[in-house]
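Text of protein00.txt (compact mmCIF, C-alpha atoms) as supplied:
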```txt
# COMPACT_ATOMS: atom_id res chain seq x y z
CA MET V 1 6.49 -31.06 87.85
CA THR V 2 8.51 -29.40 85.12
CA ILE V 3 8.50 -30.91 81.65
CA LYS V 4 11.98 -30.72 80.16
CA LEU V 5 12.71 -31.37 76.52
CA HIS V 6 16.32 -32.20 75.68
CA CYS V 7 16.70 -30.76 72.21
CA PHE V 8 18.74 -28.44 70.00
CA GLY V 9 17.89 -25.85 67.38
CA GLU V 10 19.38 -27.66 64.40
CA SER V 11 17.37 -30.83 65.11
CA GLY V 12 14.18 -31.14 63.09
CA ASN V 13 13.44 -34.32 65.01
CA SER V 14 13.48 -32.25 68.21
CA TYR V 15 11.27 -29.64 66.57
CA LYS V 16 8.65 -32.33 65.87
CA ALA V 17 8.23 -32.66 69.65
CA ALA V 18 8.94 -29.05 70.71
CA LEU V 19 6.34 -27.53 68.39
CA PRO V 20 3.27 -29.47 69.64
CA LEU V 21 4.58 -29.19 73.21
CA ASP V 22 4.64 -25.42 72.82
CA LEU V 23 1.32 -25.13 70.96
CA SER V 24 -0.41 -27.47 73.44
CA GLY V 25 -0.14 -24.98 76.28
CA LEU V 26 1.73 -27.45 78.50
CA GLY V 27 4.51 -25.58 80.26
CA TRP V 28 7.97 -26.83 79.30
CA GLU V 29 11.63 -25.92 79.33
CA PRO V 30 14.20 -26.73 76.68
CA VAL V 31 17.51 -28.28 77.75
CA LYS V 32 20.18 -27.88 75.10
CA VAL V 33 21.81 -31.09 73.87
CA ASP V 34 25.35 -30.25 72.78
CA PHE V 35 25.03 -32.56 69.80
CA PHE V 36 27.92 -31.11 67.81
CA ASN V 37 30.33 -31.85 70.67
CA GLY V 38 29.06 -35.42 70.91
CA GLU V 39 26.80 -35.13 73.98
CA ALA V 40 24.08 -37.38 72.49
CA ARG V 41 26.63 -40.16 72.00
CA GLY V 42 28.24 -39.74 75.42
CA GLU V 43 27.83 -42.09 78.35
CA ALA V 44 25.67 -39.84 80.54
CA TYR V 45 23.14 -39.21 77.76
CA ARG V 46 23.10 -42.82 76.60
CA ALA V 47 22.36 -43.94 80.15
CA LEU V 48 19.02 -42.14 79.72
CA ASN V 49 18.56 -42.83 76.01
CA PRO V 50 20.62 -45.72 74.62
CA MET V 51 19.44 -44.76 71.11
CA GLY V 52 21.67 -41.69 71.52
CA GLU V 53 19.15 -39.34 69.96
CA ALA V 54 17.31 -36.10 70.60
CA PRO V 55 14.60 -35.24 71.47
CA MET V 56 14.15 -36.71 74.94
CA LEU V 57 11.38 -35.61 77.30
CA VAL V 58 11.87 -35.87 81.05
CA ALA V 59 9.08 -35.13 83.54
CA GLY V 60 9.65 -36.52 87.03
CA ASP V 61 10.23 -40.26 86.60
CA LEU V 62 8.94 -40.26 83.04
CA CYS V 63 11.55 -40.35 80.29
CA LEU V 64 10.33 -40.54 76.70
CA THR V 65 12.25 -40.62 73.45
CA GLN V 66 11.30 -40.65 69.76
CA SER V 67 9.39 -37.56 68.68
CA GLY V 68 6.33 -39.64 67.72
CA VAL V 69 6.12 -41.08 71.25
CA ILE V 70 6.40 -37.61 72.79
CA GLN V 71 3.68 -36.39 70.42
CA SER V 72 1.40 -39.25 71.52
CA TRP V 73 2.02 -38.39 75.16
CA ILE V 74 1.11 -34.73 74.55
CA THR V 75 -2.10 -35.96 72.91
CA GLU V 76 -2.84 -38.19 75.93
CA GLN V 77 -2.28 -35.26 78.29
CA THR V 78 -4.20 -32.59 76.40
CA GLY V 79 -6.52 -34.32 73.94
CA GLN V 80 -4.99 -32.24 71.15
CA PHE V 81 -3.40 -33.09 67.78
CA GLY V 82 -4.26 -36.80 67.73
CA GLY V 83 -7.15 -36.76 65.25
CA ALA V 84 -10.89 -36.54 65.87
CA ASP V 85 -11.66 -40.28 66.02
CA ARG V 86 -10.00 -43.66 65.72
CA ALA V 87 -9.88 -43.53 61.92
CA GLU V 88 -8.16 -40.14 62.03
CA ALA V 89 -5.80 -41.36 64.75
CA ARG V 90 -4.73 -44.19 62.46
CA GLU V 91 -4.24 -41.73 59.62
CA VAL V 92 -2.10 -39.53 61.90
CA LEU V 93 0.06 -42.53 62.82
CA ARG V 94 0.31 -43.45 59.14
CA TRP V 95 1.83 -40.08 58.23
CA VAL V 96 4.07 -39.97 61.30
CA LEU V 97 5.49 -43.37 60.29
CA TRP V 98 5.84 -42.31 56.66
CA ASP V 99 7.65 -39.18 57.79
CA ASN V 100 10.07 -41.24 59.89
CA HIS V 101 10.65 -43.65 57.04
CA LYS V 102 10.71 -41.45 53.97
CA LEU V 103 10.83 -37.75 54.81
CA SER V 104 12.49 -36.44 57.99
CA SER V 105 14.96 -39.31 58.26
CA GLN V 106 16.42 -38.57 54.84
CA ALA V 107 15.98 -34.78 54.98
CA GLY V 108 17.83 -34.67 58.30
CA THR V 109 20.68 -36.76 56.92
CA VAL V 110 21.12 -34.83 53.69
CA ARG V 111 20.86 -31.47 55.46
CA PHE V 112 23.53 -32.57 57.93
CA LEU V 113 25.86 -33.84 55.21
CA ALA V 114 25.39 -30.77 53.02
CA ASN V 115 25.70 -28.12 55.72
CA PHE V 116 27.30 -29.38 58.90
CA LEU V 117 30.09 -31.60 57.54
CA PRO V 118 33.21 -30.08 55.97
CA GLU V 119 33.12 -30.52 52.20
CA ASP V 120 36.06 -32.95 52.20
CA LYS V 121 34.28 -35.26 54.64
CA ARG V 122 31.05 -35.60 52.68
CA PRO V 123 30.64 -39.17 51.41
CA ALA V 124 30.63 -39.04 47.61
CA GLY V 125 27.37 -39.86 45.87
CA VAL V 126 25.19 -39.95 48.97
CA ILE V 127 23.67 -36.45 48.78
CA PRO V 128 22.26 -36.78 45.23
CA PHE V 129 20.94 -40.27 46.02
CA LEU V 130 19.07 -39.06 49.10
CA GLN V 131 17.83 -35.97 47.27
CA GLY V 132 16.34 -38.22 44.59
CA ARG V 133 14.49 -40.23 47.21
CA LEU V 134 13.37 -37.03 48.90
CA ARG V 135 11.91 -35.67 45.67
CA ALA V 136 9.62 -38.71 45.57
CA ALA V 137 8.58 -37.96 49.16
CA TYR V 138 7.92 -34.25 48.47
CA GLN V 139 5.76 -35.33 45.53
CA VAL V 140 3.65 -37.60 47.73
CA LEU V 141 3.18 -34.88 50.35
CA ASP V 142 2.50 -32.09 47.86
CA ALA V 143 -0.10 -34.16 46.02
CA HIS V 144 -1.79 -35.06 49.31
CA LEU V 145 -1.95 -31.42 50.42
CA ALA V 146 -3.31 -30.08 47.13
CA GLY V 147 -6.87 -29.04 47.91
CA ARG V 148 -6.66 -29.63 51.64
CA ASP V 149 -5.46 -27.52 54.56
CA TRP V 150 -4.05 -30.19 56.90
CA ILE V 151 -2.62 -33.66 56.41
CA VAL V 152 -5.43 -35.31 58.41
CA GLY V 153 -8.91 -33.94 59.10
CA ASP V 154 -9.83 -30.31 59.67
CA GLY V 155 -7.03 -29.05 61.88
CA PRO V 156 -3.36 -29.44 62.76
CA THR V 157 -2.27 -32.83 64.08
CA ASN V 158 0.93 -34.64 64.94
CA ALA V 159 1.08 -35.65 61.25
CA ASP V 160 1.66 -31.98 60.33
CA PHE V 161 4.14 -31.42 63.15
CA SER V 162 6.08 -34.51 62.12
CA CYS V 163 6.25 -33.86 58.38
CA CYS V 164 7.21 -30.17 58.74
CA GLY V 165 10.16 -31.02 61.00
CA TYR V 166 12.99 -30.10 58.60
CA LEU V 167 11.13 -27.87 56.16
CA TYR V 168 11.52 -24.43 57.81
CA TYR V 169 15.31 -24.46 57.94
CA PRO V 170 17.19 -21.91 55.83
CA GLU V 171 20.27 -24.06 55.13
CA PRO V 172 20.03 -25.42 51.57
CA PHE V 173 19.65 -29.17 51.17
CA GLY V 174 17.72 -29.41 47.92
CA PHE V 175 14.25 -28.54 49.20
CA ASP V 176 12.91 -25.35 47.63
CA ARG V 177 9.44 -24.34 48.77
CA ALA V 178 8.77 -22.67 45.40
CA ASP V 179 8.86 -26.11 43.73
CA TRP V 180 6.06 -27.47 45.90
CA PRO V 181 3.14 -25.04 46.07
CA ALA V 182 0.84 -27.13 48.26
CA ILE V 183 3.63 -27.81 50.78
CA ASP V 184 4.54 -24.11 50.68
CA ALA V 185 0.98 -22.99 51.51
CA TRP V 186 0.69 -25.62 54.25
CA LEU V 187 3.96 -24.47 55.88
CA ASP V 188 2.52 -20.92 55.92
CA ARG V 189 -0.66 -22.30 57.49
CA ILE V 190 1.29 -24.03 60.29
CA ALA V 191 3.40 -20.89 60.81
CA ALA V 192 0.18 -18.87 61.25
CA LEU V 193 -0.93 -20.97 64.26
CA PRO V 194 -1.02 -18.80 67.41
CA GLY V 195 2.26 -19.23 69.25
CA TRP V 196 4.14 -20.84 66.35
CA GLN V 197 7.88 -20.34 66.43
CA HIS V 198 10.69 -21.18 64.02
CA PRO V 199 12.93 -24.04 65.22
CA TYR V 200 15.83 -21.65 65.84
CA ASP V 201 13.60 -19.48 68.05
CA LEU V 202 11.89 -22.33 69.87
CA MET V 203 15.00 -24.31 70.81
CA PRO V 204 18.51 -23.38 71.97
CA GLY V 205 21.41 -23.89 69.55
CA HIS V 206 22.11 -22.31 66.16
CA PRO V 207 24.80 -22.85 63.50
CA SER V 208 26.22 -19.40 64.33
CA ASP V 209 27.19 -20.74 67.79
CA ARG V 210 29.95 -22.69 66.04
CA ALA V 211 31.08 -19.94 63.68
CA MET A 1 -15.07 -60.39 55.58
CA THR A 2 -11.72 -61.49 54.22
CA ILE A 3 -8.61 -59.66 55.32
CA LYS A 4 -6.29 -59.23 52.36
CA LEU A 5 -2.71 -58.12 52.69
CA HIS A 6 -1.11 -56.72 49.54
CA CYS A 7 2.51 -57.75 49.94
CA PHE A 8 5.45 -59.54 48.33
CA GLY A 9 8.09 -61.93 49.57
CA GLU A 10 11.08 -59.65 49.11
CA SER A 11 9.47 -56.88 51.19
CA GLY A 12 10.58 -56.78 54.79
CA ASN A 13 8.12 -53.94 55.34
CA SER A 14 5.34 -56.30 54.24
CA TYR A 15 6.71 -59.01 56.53
CA LYS A 16 6.37 -56.63 59.50
CA ALA A 17 2.58 -56.76 58.92
CA ALA A 18 2.23 -60.31 57.60
CA LEU A 19 4.01 -61.93 60.54
CA PRO A 20 1.78 -60.56 63.36
CA LEU A 21 -1.28 -61.03 61.13
CA ASP A 22 -0.38 -64.69 60.79
CA LEU A 23 0.60 -65.23 64.43
CA SER A 24 -2.52 -63.41 65.69
CA GLY A 25 -4.85 -66.11 64.40
CA LEU A 26 -6.85 -63.66 62.30
CA GLY A 27 -7.59 -65.30 58.96
CA TRP A 28 -5.96 -63.52 56.03
CA GLU A 29 -4.95 -63.91 52.41
CA PRO A 30 -1.87 -62.49 50.75
CA VAL A 31 -2.27 -60.65 47.44
CA LYS A 32 1.00 -60.39 45.54
CA VAL A 33 2.15 -56.91 44.62
CA ASP A 34 4.19 -57.15 41.43
CA PHE A 35 6.66 -54.61 42.77
CA PHE A 36 9.49 -55.44 40.38
CA ASN A 37 7.26 -54.68 37.40
CA GLY A 38 6.22 -51.35 38.91
CA GLU A 39 2.77 -52.25 40.23
CA ALA A 40 3.21 -50.26 43.47
CA ARG A 41 3.96 -47.13 41.45
CA GLY A 42 1.15 -47.67 38.95
CA GLU A 43 -2.09 -45.70 38.81
CA ALA A 44 -4.42 -48.44 40.06
CA TYR A 45 -2.32 -49.12 43.16
CA ARG A 46 -1.70 -45.45 43.88
CA ALA A 47 -5.43 -44.81 43.76
CA LEU A 48 -5.63 -46.99 46.89
CA ASN A 49 -2.27 -45.99 48.39
CA PRO A 50 -0.82 -42.72 47.09
CA MET A 51 2.38 -43.46 49.03
CA GLY A 52 2.96 -46.23 46.47
CA GLU A 53 4.14 -48.72 49.06
CA ALA A 54 3.50 -52.25 50.32
CA PRO A 55 2.09 -53.53 52.61
CA MET A 56 -1.54 -52.50 52.27
CA LEU A 57 -4.35 -54.21 54.20
CA VAL A 58 -7.86 -54.27 52.75
CA ALA A 59 -10.85 -55.61 54.70
CA GLY A 60 -14.22 -54.53 53.36
CA ASP A 61 -14.18 -50.74 53.31
CA LEU A 62 -11.09 -50.54 55.47
CA CYS A 63 -7.81 -49.81 53.72
CA LEU A 64 -4.69 -49.42 55.85
CA THR A 65 -1.11 -48.75 54.89
CA GLN A 66 2.19 -48.47 56.77
CA SER A 67 3.15 -51.66 58.58
CA GLY A 68 3.03 -49.92 61.98
CA VAL A 69 -0.60 -48.90 61.40
CA ILE A 70 -1.53 -52.44 60.35
CA GLN A 71 0.21 -53.76 63.48
CA SER A 72 -1.80 -51.36 65.66
CA TRP A 73 -5.01 -52.49 64.01
CA ILE A 74 -4.16 -56.16 64.66
CA THR A 75 -3.58 -55.23 68.31
CA GLU A 76 -6.95 -53.43 68.45
CA GLN A 77 -8.69 -56.49 66.98
CA THR A 78 -7.00 -59.17 69.05
CA GLY A 79 -5.45 -57.52 72.11
CA GLN A 80 -2.11 -59.08 71.16
CA PHE A 81 1.40 -57.68 70.62
CA GLY A 82 0.75 -54.14 71.83
CA GLY A 83 2.40 -54.32 75.26
CA ALA A 84 0.89 -55.10 78.67
CA ASP A 85 0.07 -51.52 79.74
CA ARG A 86 0.32 -47.93 78.58
CA ALA A 87 4.02 -47.65 79.45
CA GLU A 88 4.79 -50.78 77.42
CA ALA A 89 2.60 -49.54 74.58
CA ARG A 90 4.71 -46.36 74.44
CA GLU A 91 7.86 -48.44 74.46
CA VAL A 92 6.51 -50.56 71.59
CA LEU A 93 5.77 -47.41 69.58
CA ARG A 94 9.24 -46.10 70.40
CA TRP A 95 10.94 -49.12 68.84
CA VAL A 96 8.57 -49.24 65.88
CA LEU A 97 9.44 -45.60 65.12
CA TRP A 98 13.14 -46.22 65.65
CA ASP A 99 12.94 -49.18 63.28
CA ASN A 100 11.25 -47.04 60.62
CA HIS A 101 13.82 -44.30 61.08
CA LYS A 102 17.07 -46.15 61.60
CA LEU A 103 16.80 -49.85 60.87
CA SER A 104 14.33 -51.25 58.32
CA SER A 105 14.31 -48.12 56.17
CA GLN A 106 18.05 -48.32 55.60
CA ALA A 107 18.31 -52.12 55.61
CA GLY A 108 15.60 -52.31 52.93
CA THR A 109 17.36 -49.74 50.78
CA VAL A 110 20.83 -51.24 51.01
CA ARG A 111 19.52 -54.78 50.46
CA PHE A 112 17.67 -53.59 47.35
CA LEU A 113 20.70 -51.74 45.98
CA ALA A 114 23.09 -54.61 46.71
CA ASN A 115 20.93 -57.45 45.41
CA PHE A 116 18.12 -56.33 43.14
CA LEU A 117 19.82 -53.63 41.08
CA PRO A 118 22.32 -54.56 38.34
CA GLU A 119 25.87 -53.74 39.47
CA ASP A 120 26.27 -50.95 36.90
CA LYS A 121 23.16 -49.17 38.19
CA ARG A 122 24.19 -49.06 41.84
CA PRO A 123 24.83 -45.48 42.94
CA ALA A 124 28.49 -45.19 43.95
CA GLY A 125 29.21 -44.64 47.63
CA VAL A 126 25.68 -45.18 48.90
CA ILE A 127 25.96 -48.81 50.03
CA PRO A 128 28.97 -48.30 52.38
CA PHE A 129 27.40 -45.12 53.78
CA LEU A 130 24.14 -46.88 54.64
CA GLN A 131 26.02 -49.90 55.99
CA GLY A 132 27.90 -47.60 58.37
CA ARG A 133 24.65 -46.14 59.65
CA LEU A 134 23.18 -49.63 59.95
CA ARG A 135 26.09 -50.84 62.07
CA ALA A 136 25.21 -48.12 64.59
CA ALA A 137 21.60 -49.38 64.56
CA TYR A 138 22.60 -53.05 65.00
CA GLN A 139 24.74 -51.97 67.96
CA VAL A 140 21.79 -50.24 69.64
CA LEU A 141 19.52 -53.25 69.11
CA ASP A 142 22.12 -55.85 70.13
CA ALA A 143 22.95 -53.95 73.34
CA HIS A 144 19.25 -53.63 74.17
CA LEU A 145 18.64 -57.36 73.65
CA ALA A 146 21.63 -58.51 75.69
CA GLY A 147 20.12 -60.11 78.79
CA ARG A 148 16.51 -59.86 77.69
CA ASP A 149 14.30 -62.09 75.53
CA TRP A 150 12.07 -59.52 73.83
CA ILE A 151 12.42 -55.86 72.94
CA VAL A 152 9.59 -54.81 75.27
CA GLY A 153 8.21 -56.69 78.28
CA ASP A 154 7.93 -60.45 78.64
CA GLY A 155 6.68 -61.55 75.25
CA PRO A 156 6.71 -60.77 71.54
CA THR A 157 5.27 -57.40 70.48
CA ASN A 158 5.01 -55.29 67.38
CA ALA A 159 8.44 -53.90 68.31
CA ASP A 160 9.97 -57.32 67.63
CA PHE A 161 7.97 -57.85 64.44
CA SER A 162 9.02 -54.44 63.17
CA CYS A 163 12.73 -54.67 63.94
CA CYS A 164 13.12 -58.21 62.54
CA GLY A 165 11.58 -57.21 59.19
CA TYR A 166 14.71 -57.50 57.03
CA LEU A 167 16.87 -59.69 59.24
CA TYR A 168 15.86 -63.19 58.08
CA TYR A 169 16.69 -62.68 54.40
CA PRO A 170 19.52 -64.73 52.92
CA GLU A 171 20.69 -62.12 50.36
CA PRO A 172 23.85 -60.44 51.67
CA PHE A 173 23.62 -56.76 52.52
CA GLY A 174 26.23 -56.44 55.26
CA PHE A 175 24.24 -57.92 58.15
CA ASP A 176 25.86 -61.07 59.52
CA ARG A 177 24.02 -62.65 62.47
CA ALA A 178 27.29 -64.03 63.82
CA ASP A 179 28.47 -60.45 64.53
CA TRP A 180 25.50 -59.70 66.79
CA PRO A 181 24.94 -62.53 69.29
CA ALA A 182 21.98 -60.99 71.12
CA ILE A 183 20.18 -60.21 67.84
CA ASP A 184 21.00 -63.72 66.63
CA ALA A 185 19.46 -65.38 69.70
CA TRP A 186 16.41 -63.10 69.51
CA LEU A 187 15.81 -63.98 65.84
CA ASP A 188 15.88 -67.67 66.84
CA ARG A 189 13.39 -66.90 69.61
CA ILE A 190 10.97 -65.21 67.19
CA ALA A 191 11.42 -68.08 64.72
CA ALA A 192 10.45 -70.55 67.46
CA LEU A 193 7.01 -68.94 67.95
CA PRO A 194 4.26 -71.41 66.98
CA GLY A 195 3.26 -70.74 63.39
CA TRP A 196 6.31 -68.61 62.51
CA GLN A 197 7.24 -68.61 58.86
CA HIS A 198 10.14 -67.17 56.90
CA PRO A 199 9.17 -64.16 54.72
CA TYR A 200 9.61 -66.20 51.53
CA ASP A 201 7.22 -68.86 52.85
CA LEU A 202 4.67 -66.45 54.30
CA MET A 203 4.28 -64.19 51.27
CA PRO A 204 4.18 -64.76 47.51
CA GLY A 205 7.15 -63.61 45.42
CA HIS A 206 10.79 -64.73 45.47
CA PRO A 207 13.94 -63.58 43.68
CA SER A 208 13.97 -66.85 41.73
CA ASP A 209 10.72 -65.76 40.02
CA ARG A 210 12.82 -63.29 38.05
CA ALA A 211 15.74 -65.59 37.33
```
Spit out the file's structure as structure tokens when you get a sec.
Amino acid sequence: MTIKLHCFGESGNSYKAALPLDLSGLGWEPVKVDFFNGEARGEAYRALNPMGEAPMLVAGDLCLTQSGVIQSWITEQTGQFGGADRAEAREVLRWVLWDNHKLSSQAGTVRFLANFLPEDKRPAGVIPFLQGRLRAAYQVLDAHLAGRDWIVGDGPTNADFSCCGYLYYPEPFGFDRADWPAIDAWLDRIAALPGWQHPYDLMPGHPSDRA
Amino acid sequence: MTIKLHCFGESGNSYKAALPLDLSGLGWEPVKVDFFNGEARGEAYRALNPMGEAPMLVAGDLCLTQSGVIQSWITEQTGQFGGADRAEAREVLRWVLWDNHKLSSQAGTVRFLANFLPEDKRPAGVIPFLQGRLRAAYQVLDAHLAGRDWIVGDGPTNADFSCCGYLYYPEPFGFDRADWPAIDAWLDRIAALPGWQHPYDLMPGHPSDRA
């Protein structure tokens, strides 16, 4: 049974699922979602995922959406990345939820507005507002990572794969690794995991496709 | 061992934990977080929760934050609200994550900006932008609830308690129940659960305290 992940290169939310899928050793195939031509909002896609979002994992009859759900499923299948015990598992969930609430959600939005919308369509005032909220989130993450290698416990977990979702992209959206030394070192640590790939290498779709 | 929930009435994120805590039958006590005077960002609070957020549950040595983590813990303790099997549990997590990403996060922000910030401090352009994104979220939720009583399965789960977090408040932020009939009926259904209380009755703290 082939595991297929519907995803696209520009999607940090997809990367949050694709990265642990790849590192877990489970075989999988990416299926490109043509997000920029509206595929995720189209009828055929919404019939599978009414939330209209990527990523979506399909394996036989199983269809999972939300990166955090796909991460949990990978953990169920392989025993990896979920934390060493129940207390760590709770801590992993805590950071995955925080990421969805405070980090990736806003980073994804501001990166989209700042890079993938024409300048005359960007809603005035929104980018600086979101960047202000993001600074508070970077501060929380950087302080947590100072003096530790991984967000939870002694090795990489879904908490790391969730929080790093948008932080490897080259397009500028107000996040500069040099400003956050503990985040910077942690991103290098994740990137040194055997098999790690950059989002644009791991998933199909790149801004240059639309150039 | 007393379960204490650090929370405040205006916090829909706190309500997402307080409501299942109350309905579960576990005894608990609310502890008011003086959010509007900066308590959640102060040193003493951040020593317990560096994320600087409510809710926070303390029970003996246990200290949990993020409403979704507290909900999971209540489910572990009582067997309630987590879904009937593993597939339902995944579906509950899916909606809790979606809520954190697309619904409560933005509803909480726009409600704060529109009601609890003086008009001259509201960042221009942000409220209509967030309201546009919220309309897309209400649409997803309303369509899902059309023809079903609960978000997952045959009874109330953490998915319901998460998604309803900000939807009972009277302060206007662009959500009008009359526009979303399936959400409206579902909110009545939750409110009919034995022991249900409005956020301002369940938790200490009300806008009139600052009048």
Next item on the list: Within 9 Å of Ile74 of chain V, counting only C-alpha atoms, which residues show up once you throw out same-chain ones fewer than 6 positions away? Write them as JSON, numbers by chain, please.
Entry: {"V": [17, 20, 21, 24, 26, 80, 81, 82]}
Item checked: Distance of atom CA of Gln131 of chain A from atom CA of Ala136 of chain V, expressed in Å to one decimal place -> 22.4 Å
Checklist line | Residue contacts of segment 190-206 of chain A (8 Å, only C-alpha atoms) excluding same-chain residues fewer than 3 positions away, as a PyMOL selection string | finding: chain A and resi 7-10+12+15+18-19+22-23+30-32+156+160+168-169+186-187+209-210
Checklist line | Proximal residues of chain A relative to chain V (only C-alpha atoms; 10 Å) as a ChimeraX atom specification | finding: /A:50-52,62,64-70,72-73,87,89-106,123-130,136-137,139-141,143-144
Next item on the list: Name the residues in contact with Leu117 of chain A at a cut-off of 12 Å, using only C-alpha atoms, excluding same-chain residues fewer than 5 positions from it; report them as a count of residues only.
Entry: 9
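Across the model, the gap from atom CA of Trp28 of chain V to atom CA of Leu5 of chain V is 7.1 Å.
Comparing the minimum interatomic distances between Arg189 of chain A and each of A:Ile3, A:Met56, A:Leu145, A:Ala114, counting all atoms listed in the file, we find that A:Leu145 sits nearest.
Using all atoms listed in the file, the smallest distance between any of A:Val33, A:Cys63, A:Ala107, A:Ala54 and Tyr166 of chain A comes from A:Ala107.
With distances taken from (28.9, -56.3, 66.1) and restricted to only C-alpha atoms, the residues inside 9 Å are Arg135, Tyr138, Gln139, Asp142, Asp176, Arg177, Ala178, Asp179, Trp180 and Pro181 of chain A.
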Next item on the list: Find the residue from A:Glu171, A:Glu29, A:Asp34, A:Asp149 that sits nearest to Ala59 of chain A; use all atoms listed in the file when measuring.
Entry: A:Glu29
Build an axis-aligned box that encloses every atom of segment 190-195 of chain V listed in the file, pad it by 4 Å on each side, and report its centre and edge lengths in Å to one decimal, as JSON.
```
{"center_x": 1.2, "center_y": -21.4, "center_z": 64.8, "size_x": 12.4, "size_y": 13.2, "size_z": 17.0}
```
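The spacing separating atom CA of Gly108 of chain A from atom CA of Arg46 of chain V amounts to 26.6 Å.
The closest residue to Leu113 of chain A, picked from A:Asn37, A:Gln71, A:Phe173, A:Asp184 and counting all atoms listed in the file, is A:Phe173.
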